[in-house]
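Colleague: My structure is in model-v5.txt, and what it holds is compact mmCIF, C-alpha atoms:
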# COMPACT_ATOMS: atom_id res chain seq x y z
CA MET A 95 -31.98 -79.43 216.21
CA SER A 96 -31.77 -80.76 212.64
CA GLU A 97 -30.07 -84.07 211.96
CA SER A 98 -26.57 -83.84 210.49
CA VAL A 99 -24.75 -86.10 208.06
CA THR A 100 -21.06 -86.45 207.32
CA VAL A 101 -19.88 -86.25 203.72
CA THR A 102 -16.42 -86.20 202.14
CA ILE A 103 -15.94 -83.91 199.14
CA ASP A 104 -12.59 -83.89 197.35
CA GLY A 105 -10.92 -85.28 200.47
CA MET A 106 -12.49 -82.69 202.81
CA THR A 107 -14.92 -84.09 205.41
CA VAL A 108 -17.75 -81.80 206.54
CA GLN A 109 -20.95 -82.09 208.56
CA VAL A 110 -24.07 -80.58 207.02
CA PRO A 111 -27.80 -80.74 207.78
CA LYS A 112 -29.62 -83.71 206.31
CA GLY A 113 -31.23 -82.80 202.98
CA THR A 114 -28.45 -80.40 201.93
CA SER A 115 -27.56 -80.56 198.24
CA ILE A 116 -24.06 -81.62 197.23
CA ILE A 117 -23.42 -78.21 195.67
CA GLU A 118 -24.16 -76.41 198.96
CA ALA A 119 -22.24 -78.97 201.02
CA ALA A 120 -19.27 -78.44 198.72
CA LYS A 121 -19.28 -74.72 199.53
CA GLN A 122 -18.82 -75.58 203.21
CA ALA A 123 -15.88 -77.77 202.19
CA GLY A 124 -14.36 -74.83 200.30
CA VAL A 125 -15.15 -76.32 196.89
CA LEU A 126 -17.02 -74.35 194.21
CA ILE A 127 -18.72 -76.71 191.77
CA PRO A 128 -19.22 -75.02 188.36
CA HIS A 129 -22.89 -74.44 187.57
CA TYR A 130 -25.23 -72.32 185.47
CA CYS A 131 -28.88 -73.15 186.10
CA TYR A 132 -28.50 -73.48 189.89
CA HIS A 133 -29.18 -70.51 192.15
CA PRO A 134 -29.62 -70.76 195.93
CA SER A 135 -32.81 -68.66 195.92
CA LEU A 136 -34.51 -70.42 192.99
CA PRO A 137 -35.86 -73.93 192.34
CA SER A 138 -33.28 -76.21 190.71
CA PRO A 139 -34.21 -77.77 187.35
CA ALA A 140 -30.80 -79.42 186.73
CA VAL A 141 -30.92 -78.50 183.03
CA CYS A 142 -27.40 -77.20 182.40
CA ARG A 143 -25.59 -80.42 183.47
CA MET A 144 -22.55 -78.34 184.34
CA CYS A 145 -22.46 -79.48 187.99
CA LEU A 146 -22.10 -83.22 187.31
CA VAL A 147 -19.92 -84.89 189.96
CA GLU A 148 -18.74 -88.40 190.68
CA VAL A 149 -20.37 -90.02 193.72
CA GLU A 150 -18.75 -93.24 194.86
CA LYS A 151 -21.01 -96.30 194.41
CA ALA A 152 -23.38 -94.31 192.16
CA PRO A 153 -23.86 -95.82 188.67
CA LYS A 154 -23.29 -92.54 186.84
CA LEU A 155 -22.36 -88.89 187.30
CA MET A 156 -24.88 -87.01 189.45
CA PRO A 157 -26.07 -83.37 189.22
CA ALA A 158 -24.81 -81.73 192.40
CA CYS A 159 -27.59 -79.14 192.49
CA VAL A 160 -30.44 -81.64 193.06
CA THR A 161 -28.62 -84.59 194.63
CA THR A 162 -28.80 -84.50 198.43
CA VAL A 163 -25.95 -85.69 200.59
CA ALA A 164 -26.07 -88.98 202.48
CA ASP A 165 -24.18 -89.98 205.58
CA GLY A 166 -20.77 -91.38 204.66
CA GLN A 167 -21.04 -90.22 201.06
CA VAL A 168 -17.81 -89.63 199.12
CA VAL A 169 -17.92 -87.11 196.27
CA HIS A 170 -15.28 -86.25 193.67
CA THR A 171 -15.87 -82.97 191.85
CA ASP A 172 -12.61 -82.93 189.91
CA SER A 173 -12.27 -86.53 188.76
CA PRO A 174 -11.42 -87.22 185.09
CA GLN A 175 -15.04 -88.22 184.40
CA ALA A 176 -16.45 -85.03 185.97
CA ARG A 177 -13.97 -82.80 184.14
CA LYS A 178 -14.71 -84.52 180.83
CA ALA A 179 -18.44 -83.93 181.34
CA ARG A 180 -17.94 -80.23 182.08
CA THR A 181 -15.64 -79.80 179.10
CA GLY A 182 -18.29 -81.39 176.88
CA VAL A 183 -21.03 -79.09 178.20
CA LEU A 184 -18.86 -76.03 177.54
CA GLU A 185 -18.03 -77.22 174.03
CA PHE A 186 -21.73 -77.47 173.19
CA LEU A 187 -22.48 -74.04 174.71
CA LEU A 188 -19.75 -72.43 172.62
CA ILE A 189 -21.02 -73.80 169.30
CA ASN A 190 -23.41 -70.86 168.92
CA HIS A 191 -22.04 -68.43 171.49
CA PRO A 192 -20.58 -65.33 169.80
CA LEU A 193 -17.01 -64.29 170.50
CA ASP A 194 -17.95 -60.74 171.45
CA CYS A 195 -16.39 -60.57 174.92
CA PRO A 196 -14.61 -57.27 174.04
CA ILE A 197 -17.98 -55.49 173.66
CA CYS A 198 -20.05 -57.49 176.17
CA ASP A 199 -20.98 -55.75 179.43
CA GLN A 200 -20.67 -59.06 181.27
CA ALA A 201 -16.99 -59.51 180.40
CA GLY A 202 -14.98 -59.82 183.60
CA GLU A 203 -18.06 -61.05 185.48
CA CYS A 204 -19.16 -63.75 183.03
CA GLU A 205 -19.51 -67.28 184.41
CA LEU A 206 -19.21 -68.76 180.92
CA GLN A 207 -15.97 -66.86 180.39
CA ASP A 208 -14.64 -67.98 183.78
CA TYR A 209 -15.47 -71.65 183.36
CA VAL A 210 -14.15 -71.81 179.79
CA PHE A 211 -10.79 -70.54 181.05
CA GLN A 212 -10.95 -72.97 183.97
CA GLU A 213 -12.45 -76.08 182.37
CA GLY A 214 -12.62 -75.62 178.60
CA GLN A 215 -10.41 -76.89 175.82
CA GLY A 216 -8.23 -74.78 173.56
CA GLY A 217 -9.84 -75.76 170.25
CA THR A 218 -13.21 -76.64 168.78
CA ARG A 219 -14.50 -79.48 166.65
CA TYR A 220 -17.21 -77.21 165.21
CA SER A 221 -15.14 -74.61 163.37
CA ASP A 222 -17.25 -74.99 160.20
CA TYR A 223 -20.56 -74.73 162.05
CA ALA A 224 -22.21 -71.40 161.24
CA LYS A 225 -23.11 -69.33 164.30
CA ARG A 226 -26.58 -67.88 164.68
CA TYR A 227 -27.15 -64.15 164.48
CA ASN A 228 -30.45 -62.91 165.88
CA PRO A 229 -31.48 -59.32 166.57
CA VAL A 230 -31.38 -57.94 170.10
CA GLU A 231 -34.86 -57.90 171.67
CA ASP A 232 -36.33 -55.19 173.90
CA PHE A 233 -37.79 -56.97 176.94
CA GLY A 234 -38.93 -53.93 178.91
CA PRO A 235 -38.09 -50.52 180.37
CA ASP A 236 -34.55 -51.49 181.40
CA VAL A 237 -33.82 -54.97 180.00
CA LEU A 238 -32.44 -56.02 176.62
CA TYR A 239 -32.20 -59.66 175.52
CA VAL A 240 -29.19 -60.63 173.40
CA VAL A 241 -30.43 -63.92 171.99
CA ASN A 242 -27.08 -65.06 170.61
CA ARG A 243 -25.46 -65.13 174.06
CA CYS A 244 -28.21 -67.06 175.86
CA ILE A 245 -27.26 -70.47 177.31
CA LEU A 246 -30.83 -71.33 178.40
CA CYS A 247 -30.08 -71.67 182.10
CA THR A 248 -33.72 -70.49 182.70
CA ARG A 249 -32.82 -68.52 185.83
CA CYS A 250 -34.79 -65.55 184.51
CA VAL A 251 -37.85 -67.69 183.77
CA ARG A 252 -37.84 -69.24 187.22
CA PHE A 253 -37.34 -65.89 188.94
CA MET A 254 -40.36 -64.35 187.23
CA ASP A 255 -42.43 -67.49 187.88
CA ASP A 256 -41.50 -68.31 191.47
CA VAL A 257 -40.29 -65.05 193.04
CA ALA A 258 -41.93 -62.21 191.11
CA LYS A 259 -45.07 -64.33 190.58
CA THR A 260 -45.43 -62.80 187.13
CA PRO A 261 -44.82 -65.57 184.56
CA VAL A 262 -44.07 -63.44 181.50
CA LEU A 263 -40.95 -65.36 180.37
CA ASN A 264 -40.74 -68.84 178.89
CA VAL A 265 -38.55 -71.11 176.78
CA THR A 266 -39.77 -70.82 173.18
CA GLU A 267 -39.09 -73.27 170.33
CA ARG A 268 -37.12 -76.52 170.73
CA GLY A 269 -33.64 -77.96 170.24
CA ASP A 270 -31.01 -75.60 168.85
CA ARG A 271 -33.73 -73.03 168.03
CA ALA A 272 -34.80 -72.66 171.67
CA HIS A 273 -34.60 -69.21 173.22
CA ILE A 274 -36.28 -67.13 175.92
CA GLY A 275 -39.64 -65.76 174.85
CA ILE A 276 -41.73 -63.05 176.45
CA ASP A 277 -45.40 -62.19 176.78
CA GLU A 278 -45.58 -59.13 174.53
CA ALA A 279 -48.73 -57.95 176.27
CA GLN A 280 -46.87 -57.44 179.58
CA LEU A 281 -43.10 -57.33 178.93
CA LEU A 282 -40.69 -57.08 181.85
CA ASP A 283 -42.45 -54.14 183.46
CA HIS A 284 -42.32 -55.41 187.03
CA PRO A 285 -40.90 -53.77 190.20
CA TRP A 286 -38.32 -56.57 190.48
CA ALA A 287 -37.59 -57.11 186.79
CA GLY A 288 -34.03 -55.82 187.02
CA ASN A 289 -33.02 -58.88 189.01
CA VAL A 290 -33.03 -60.99 185.85
CA VAL A 291 -29.95 -59.04 184.73
CA ASP A 292 -28.10 -59.98 187.93
CA LEU A 293 -29.23 -63.59 187.64
CA CYS A 294 -28.06 -64.02 184.04
CA PRO A 295 -24.68 -65.84 184.19
CA VAL A 296 -23.69 -64.51 180.76
CA GLY A 297 -24.31 -61.21 178.96
CA SER A 298 -27.64 -62.23 177.48
CA LEU A 299 -29.90 -60.09 179.67
CA ILE A 300 -28.37 -56.64 179.99
CA SER A 301 -29.39 -53.39 181.65
CA LYS A 302 -30.09 -50.41 179.41
CA ASP A 303 -29.04 -48.16 182.27
CA PHE A 304 -25.59 -49.75 182.63
CA LEU A 305 -25.01 -50.47 178.94
CA HIS A 306 -21.41 -49.61 177.91
CA LYS A 307 -20.85 -47.52 181.05
CA ALA A 308 -17.83 -49.35 182.44
CA ARG A 309 -15.81 -52.55 182.36
CA ALA A 310 -16.05 -54.81 185.39
CA TRP A 311 -12.35 -54.49 186.18
CA ASP A 312 -12.59 -50.69 186.28
CA LEU A 313 -15.17 -50.74 189.08
CA ASP A 314 -14.57 -50.23 192.78
CA LYS A 315 -17.08 -52.21 194.85
CA THR A 316 -18.35 -51.07 198.25
CA ALA A 317 -20.74 -53.03 200.46
CA SER A 318 -23.60 -50.84 201.69
CA VAL A 319 -27.31 -50.70 202.54
CA CYS A 320 -29.94 -49.41 200.12
CA PRO A 321 -31.00 -45.86 201.12
CA SER A 322 -34.29 -45.85 199.23
CA CYS A 323 -36.47 -47.10 202.10
CA SER A 324 -36.24 -48.49 205.63
CA GLN A 325 -36.21 -52.14 204.52
CA GLY A 326 -32.42 -52.18 204.74
CA CYS A 327 -31.68 -54.28 201.66
CA ASN A 328 -28.00 -55.11 201.37
CA ILE A 329 -26.41 -53.75 198.21
CA MET A 330 -23.09 -53.44 196.43
CA VAL A 331 -22.25 -49.94 195.20
CA ASP A 332 -20.16 -50.02 192.01
CA THR A 333 -18.21 -46.83 191.32
CA ARG A 334 -15.87 -45.67 188.60
CA ASP A 335 -13.67 -42.64 189.18
CA ASN A 336 -15.68 -41.87 192.35
CA THR A 337 -18.93 -41.85 190.38
CA VAL A 338 -21.69 -44.33 191.19
CA VAL A 339 -22.59 -46.26 188.03
CA ARG A 340 -24.55 -49.21 189.36
CA LEU A 341 -26.27 -50.65 192.44
CA ARG A 342 -26.60 -54.41 192.78
CA PRO A 343 -28.07 -56.70 195.45
CA ARG A 344 -25.75 -58.17 198.07
CA PRO A 345 -26.89 -61.48 199.55
CA ASN A 346 -28.56 -61.34 202.96
CA LEU A 347 -30.93 -64.25 203.49
CA ASP A 348 -32.63 -62.54 206.46
CA VAL A 349 -33.46 -59.29 204.65
CA ASN A 350 -33.46 -59.35 200.85
CA ARG A 351 -32.06 -62.78 199.98
CA HIS A 352 -30.29 -62.15 196.64
CA PHE A 353 -32.60 -59.47 195.20
CA ILE A 354 -33.54 -55.78 195.33
CA CYS A 355 -36.41 -53.81 193.82
CA ASP A 356 -35.95 -51.69 190.72
CA HIS A 357 -36.67 -48.48 192.65
CA GLY A 358 -33.68 -49.11 194.89
CA ARG A 359 -31.59 -50.26 191.93
CA MET A 360 -32.15 -47.08 189.93
CA ASN A 361 -32.18 -44.60 192.81
CA TYR A 362 -28.50 -43.66 192.67
CA ARG A 363 -28.13 -40.63 190.40
CA TRP A 364 -28.62 -38.21 193.28
CA MET A 365 -25.46 -39.66 194.83
CA ASN A 366 -23.43 -38.11 192.00
CA ARG A 367 -24.88 -34.60 192.34
CA GLY A 368 -22.34 -31.89 193.02
CA ASP A 369 -24.63 -30.01 195.45
CA ARG A 370 -24.99 -32.87 197.94
CA ILE A 371 -24.45 -32.01 201.61
CA GLU A 372 -21.35 -33.98 202.55
CA ALA A 373 -20.50 -32.32 205.87
CA PRO A 374 -22.40 -30.78 208.84
CA LEU A 375 -23.58 -27.21 208.25
CA VAL A 376 -23.88 -24.48 210.90
CA ARG A 377 -25.45 -21.07 210.48
CA ASP A 378 -22.92 -18.26 210.57
CA GLY A 379 -24.08 -14.73 209.85
CA GLY A 380 -27.19 -15.87 208.03
CA ARG A 381 -25.34 -18.38 205.87
CA HIS A 382 -24.62 -22.08 206.27
CA GLN A 383 -20.97 -23.00 206.60
CA ALA A 384 -19.48 -26.50 206.47
CA THR A 385 -17.78 -27.66 209.67
CA ASP A 386 -16.64 -30.83 211.42
CA TRP A 387 -18.88 -33.11 213.48
CA GLU A 388 -17.38 -32.11 216.83
CA THR A 389 -18.14 -28.43 216.26
CA ALA A 390 -21.62 -29.20 214.95
CA LEU A 391 -22.49 -31.37 217.96
CA GLN A 392 -21.23 -28.68 220.34
CA ARG A 393 -23.50 -26.12 218.65
CA PHE A 394 -26.39 -28.58 218.79
CA GLY A 395 -25.82 -29.21 222.50
CA ALA A 396 -25.73 -25.49 223.20
CA LEU A 397 -29.06 -24.99 221.43
CA VAL A 398 -30.70 -27.77 223.45
CA GLN A 399 -29.36 -26.44 226.74
CA SER A 400 -30.48 -22.89 225.96
CA GLY A 401 -34.05 -23.98 226.57
CA GLY A 402 -35.40 -22.55 223.36
CA LYS A 403 -37.69 -24.40 221.00
CA ALA A 404 -36.02 -26.48 218.30
CA ALA A 405 -37.20 -28.89 215.64
CA ILE A 406 -35.35 -31.94 214.36
CA LEU A 407 -36.12 -33.39 210.94
CA ALA A 408 -35.03 -36.89 209.96
CA SER A 409 -35.00 -38.35 206.48
CA GLY A 410 -37.75 -40.82 205.73
CA ALA A 411 -35.23 -42.82 203.72
CA ALA A 412 -33.01 -43.40 206.74
CA SER A 413 -32.67 -46.95 207.97
CA LEU A 414 -34.72 -48.20 210.91
CA GLU A 415 -31.49 -48.53 212.89
CA SER A 416 -30.54 -44.88 212.27
CA LEU A 417 -34.00 -43.61 213.19
CA GLY A 418 -34.02 -45.81 216.29
CA LEU A 419 -30.69 -44.39 217.42
CA LEU A 420 -31.96 -40.84 216.84
CA LYS A 421 -35.08 -41.51 218.91
CA ALA A 422 -32.99 -43.02 221.71
CA ALA A 423 -30.64 -40.03 221.69
CA LEU A 424 -33.54 -37.58 221.85
CA GLY A 425 -35.03 -39.56 224.72
CA ARG A 426 -31.84 -39.29 226.75
CA MET A 427 -31.87 -35.54 226.15
CA GLN A 428 -35.52 -35.44 227.31
CA VAL A 429 -36.67 -34.22 223.92
CA SER A 430 -40.05 -35.51 222.72
CA ALA A 431 -39.98 -37.43 219.42
Let me see whether you can do it: turn the structure in this file into structure tokens.
Modeller:
Amino acid sequence: MSESVTVTIDGMTVQVPKGTSIIEAAKQAGVLIPHYCYHPSLPSPAVCRMCLVEVEKAPKLMPACVTTVADGQVVHTDSPQARKARTGVLEFLLINHPLDCPICDQAGECELQDYVFQEGQGGTRYSDYAKRYNPVEDFGPDVLYVVNRCILCTRCVRFMDDVAKTPVLNVTERGDRAHIGIDEAQLLDHPWAGNVVDLCPVGSLISKDFLHKARAWDLDKTASVCPSCSQGCNIMVDTRDNTVVRLRPRPNLDVNRHFICDHGRMNYRWMNRGDRIEAPLVRDGGRHQATDWETALQRFGALVQSGGKAAILASGAASLESLGLLKAALGRMQVSA
């Protein structure tokens, strides 16, 4: 059993395993520390400085994403010093960030937008500072890079380096000219490349497939499991007017962590087809007629009991659990599988 330590965060005392970061310990205390570069499934570089918190007896503000808790530690995430630091970070990020929220696909889901409303100030000291305007770059089959919106959190770079093991992205140039660069010989043509869109906290990396399809607040979200293979990746199905417009990964650390493959991500158009079978069908006079499950199961039971030969076909895209249940059911009916 791992050793535990006790830490107090914003007046809430919690016990967490030794070695836990302050940002993760805060979640257990019900406190969300604002952050950009940090992601639980990626290495933490502590480059955004958005998660600075006050730790009692520490000489300065500490980045919560890479600072581990210590027994008896007292942390203040909302002290005047911490709030001032976050406000300063946001002010710098907004110097060059375009005010195009009305046309940005990330609006309503944007972490920059959320934290500016929560932490930012009403005015700017850089009103005369000219914003940069760079052309949108094509990063691959389904990813566009809007340079002007990028806040250089480097989540995309770290994902391609450490998870996809295909280091095609990097930080190019320096200072206020820095941006995400790409290996033009490879581009983002990788089976997991679409995850960089989910990882982007702002609307800098966007999906060509979802571009201008819907606003975030118009979407109904349903937790589900990816039907594309038997892996069972957890997904979120986003629909608008009962039409599926997007599939996204849903965190499950035991199955798919925070990611899904591009095949599963894009394999949704068949869900919107009008000729899908949505109810059990029984043969009646040479034609298939829709019926309810009770009637269909009664017909199925009658066929099995009649002693005649019958074949059962199962979808290869069904989950392992569904196929296992089918095999168990056939076994109880003494039908070979």
Colleague: Considering all atoms listed in the file, can you say which of A:Thr260, A:Ser96, A:Thr337, A:Ser318 comes closest to Trp286 in chain A?
Modeller: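 The shortest atom-to-atom distance to Trp286 in chain A comes from A:Thr260.
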Colleague: Neighbours of range 319-333 of chain A within 10 Å (all atoms listed in the file; same-chain residues fewer than 6 positions away dropped), as a ChimeraX atom specification?
Modeller: /A:308,310,312-313,339-355,357-362,409-417
Colleague: Give me the range 165-255 of chain A side of the contact with range 115-127 of chain A, cut-off 9 Å, one line per residue showing its nearest atom pair and distance in Å at one decimal, counting only C-alpha atoms, sorted by chain and residue number, as a tab-separated table.
Modeller:
residue	atom	partner	partner_atom	distance
A:Val169	CA	A:Ile116	CA	8.3
A:Thr171	CA	A:Ile127	CA	6.9
A:Asp172	CA	A:Ile127	CA	8.9
Colleague: Could you pull out every residue with an atom within 8 Å of (-13.0, -79.2, 175.3), file coordinates, counting all atoms listed in the file, and send them as a ChimeraX atom specification?
Modeller: /A:178,181-182,184-185,213-218
Colleague: Figure out the distance between CA of Leu407 in chain A and CA of Arg370 in chain A, please, to one decimal in Å.
Modeller: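 Interatomic distance here is 17.1 Å.
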Colleague: What's around range 290-306 of chain A at 9 Å? Count all atoms listed in the file, leave out sequence neighbours fewer than 4 positions away in its own chain, and write the answer as a ChimeraX atom specification.
Modeller: /A:130-131,133,195,197-201,203-207,233,235-245,247-251,253-254,286,339-340,342-343,353,360
Colleague: Within 12 Å of Ile371 in chain A, counting all atoms listed in the file, which residues show up once you throw out same-chain ones fewer than 6 positions away? Write them as a list in words, please.
Modeller: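 Answer for this query is Trp364, Met365, His382, Gln383, Ala384 and Thr385 of chain A.
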Colleague: Just the residues within 12 Å of Val376 in chain A, please, counting only C-alpha atoms, with nothing from its chain fewer than 4 positions along; format it as a list of chain:residue names.
Modeller: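 My reading of the contact set: A:Ile371, A:Gly380, A:Arg381, A:His382, A:Gln383, A:Ala384, A:Thr385, A:Asp386, A:Trp387, A:Glu388, A:Thr389, A:Ala390, A:Leu391, A:Gln392, A:Arg393, A:Phe394, A:Leu397.
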Colleague: Pull C-alpha atoms from the residues just selected and write them as a CSV table (one decimal), in the frame of the given file.
Modeller:
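Output file out_3.csv is given in full below:
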chain,number,residue,atom,x,y,z
A,371,ILE,CA,-24.4,-32.0,201.6
A,380,GLY,CA,-27.2,-15.9,208.0
A,381,ARG,CA,-25.3,-18.4,205.9
A,382,HIS,CA,-24.6,-22.1,206.3
A,383,GLN,CA,-21.0,-23.0,206.6
A,384,ALA,CA,-19.5,-26.5,206.5
A,385,THR,CA,-17.8,-27.7,209.7
A,386,ASP,CA,-16.6,-30.8,211.4
A,387,TRP,CA,-18.9,-33.1,213.5
A,388,GLU,CA,-17.4,-32.1,216.8
A,389,THR,CA,-18.1,-28.4,216.3
A,390,ALA,CA,-21.6,-29.2,215.0
A,391,LEU,CA,-22.5,-31.4,218.0
A,392,GLN,CA,-21.2,-28.7,220.3
A,393,ARG,CA,-23.5,-26.1,218.6
A,394,PHE,CA,-26.4,-28.6,218.8
A,397,LEU,CA,-29.1,-25.0,221.4
Colleague: Kindly give the distance, in Å, that separates CA of Phe186 in chain A and CA of Cys145 in chain A, rounded to a single decimal.
Modeller: 15.0 Å
Colleague: Could you tell me how far CA of Asp255 in chain A sits from CA of His284 in chain A, in Å to one decimal place?
Modeller: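 Answer for the CA of His284 in chain A to CA of Asp255 in chain A separation: 12.1 Å.
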Colleague: So, counting only C-alpha atoms, which residue among A:Leu188, A:Val141, A:Cys159, A:Ala164 is closest to Gln109 in chain A?
Modeller: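 The shortest atom-to-atom distance to Gln109 in chain A comes from A:Ala164.
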Colleague: Write out as a ChimeraX atom specification the residues lying within 8 Å of Pro157 in chain A, counting only C-alpha atoms and excluding same-chain residues fewer than 2 positions away.
Modeller: /A:140,143-147,155,159-161
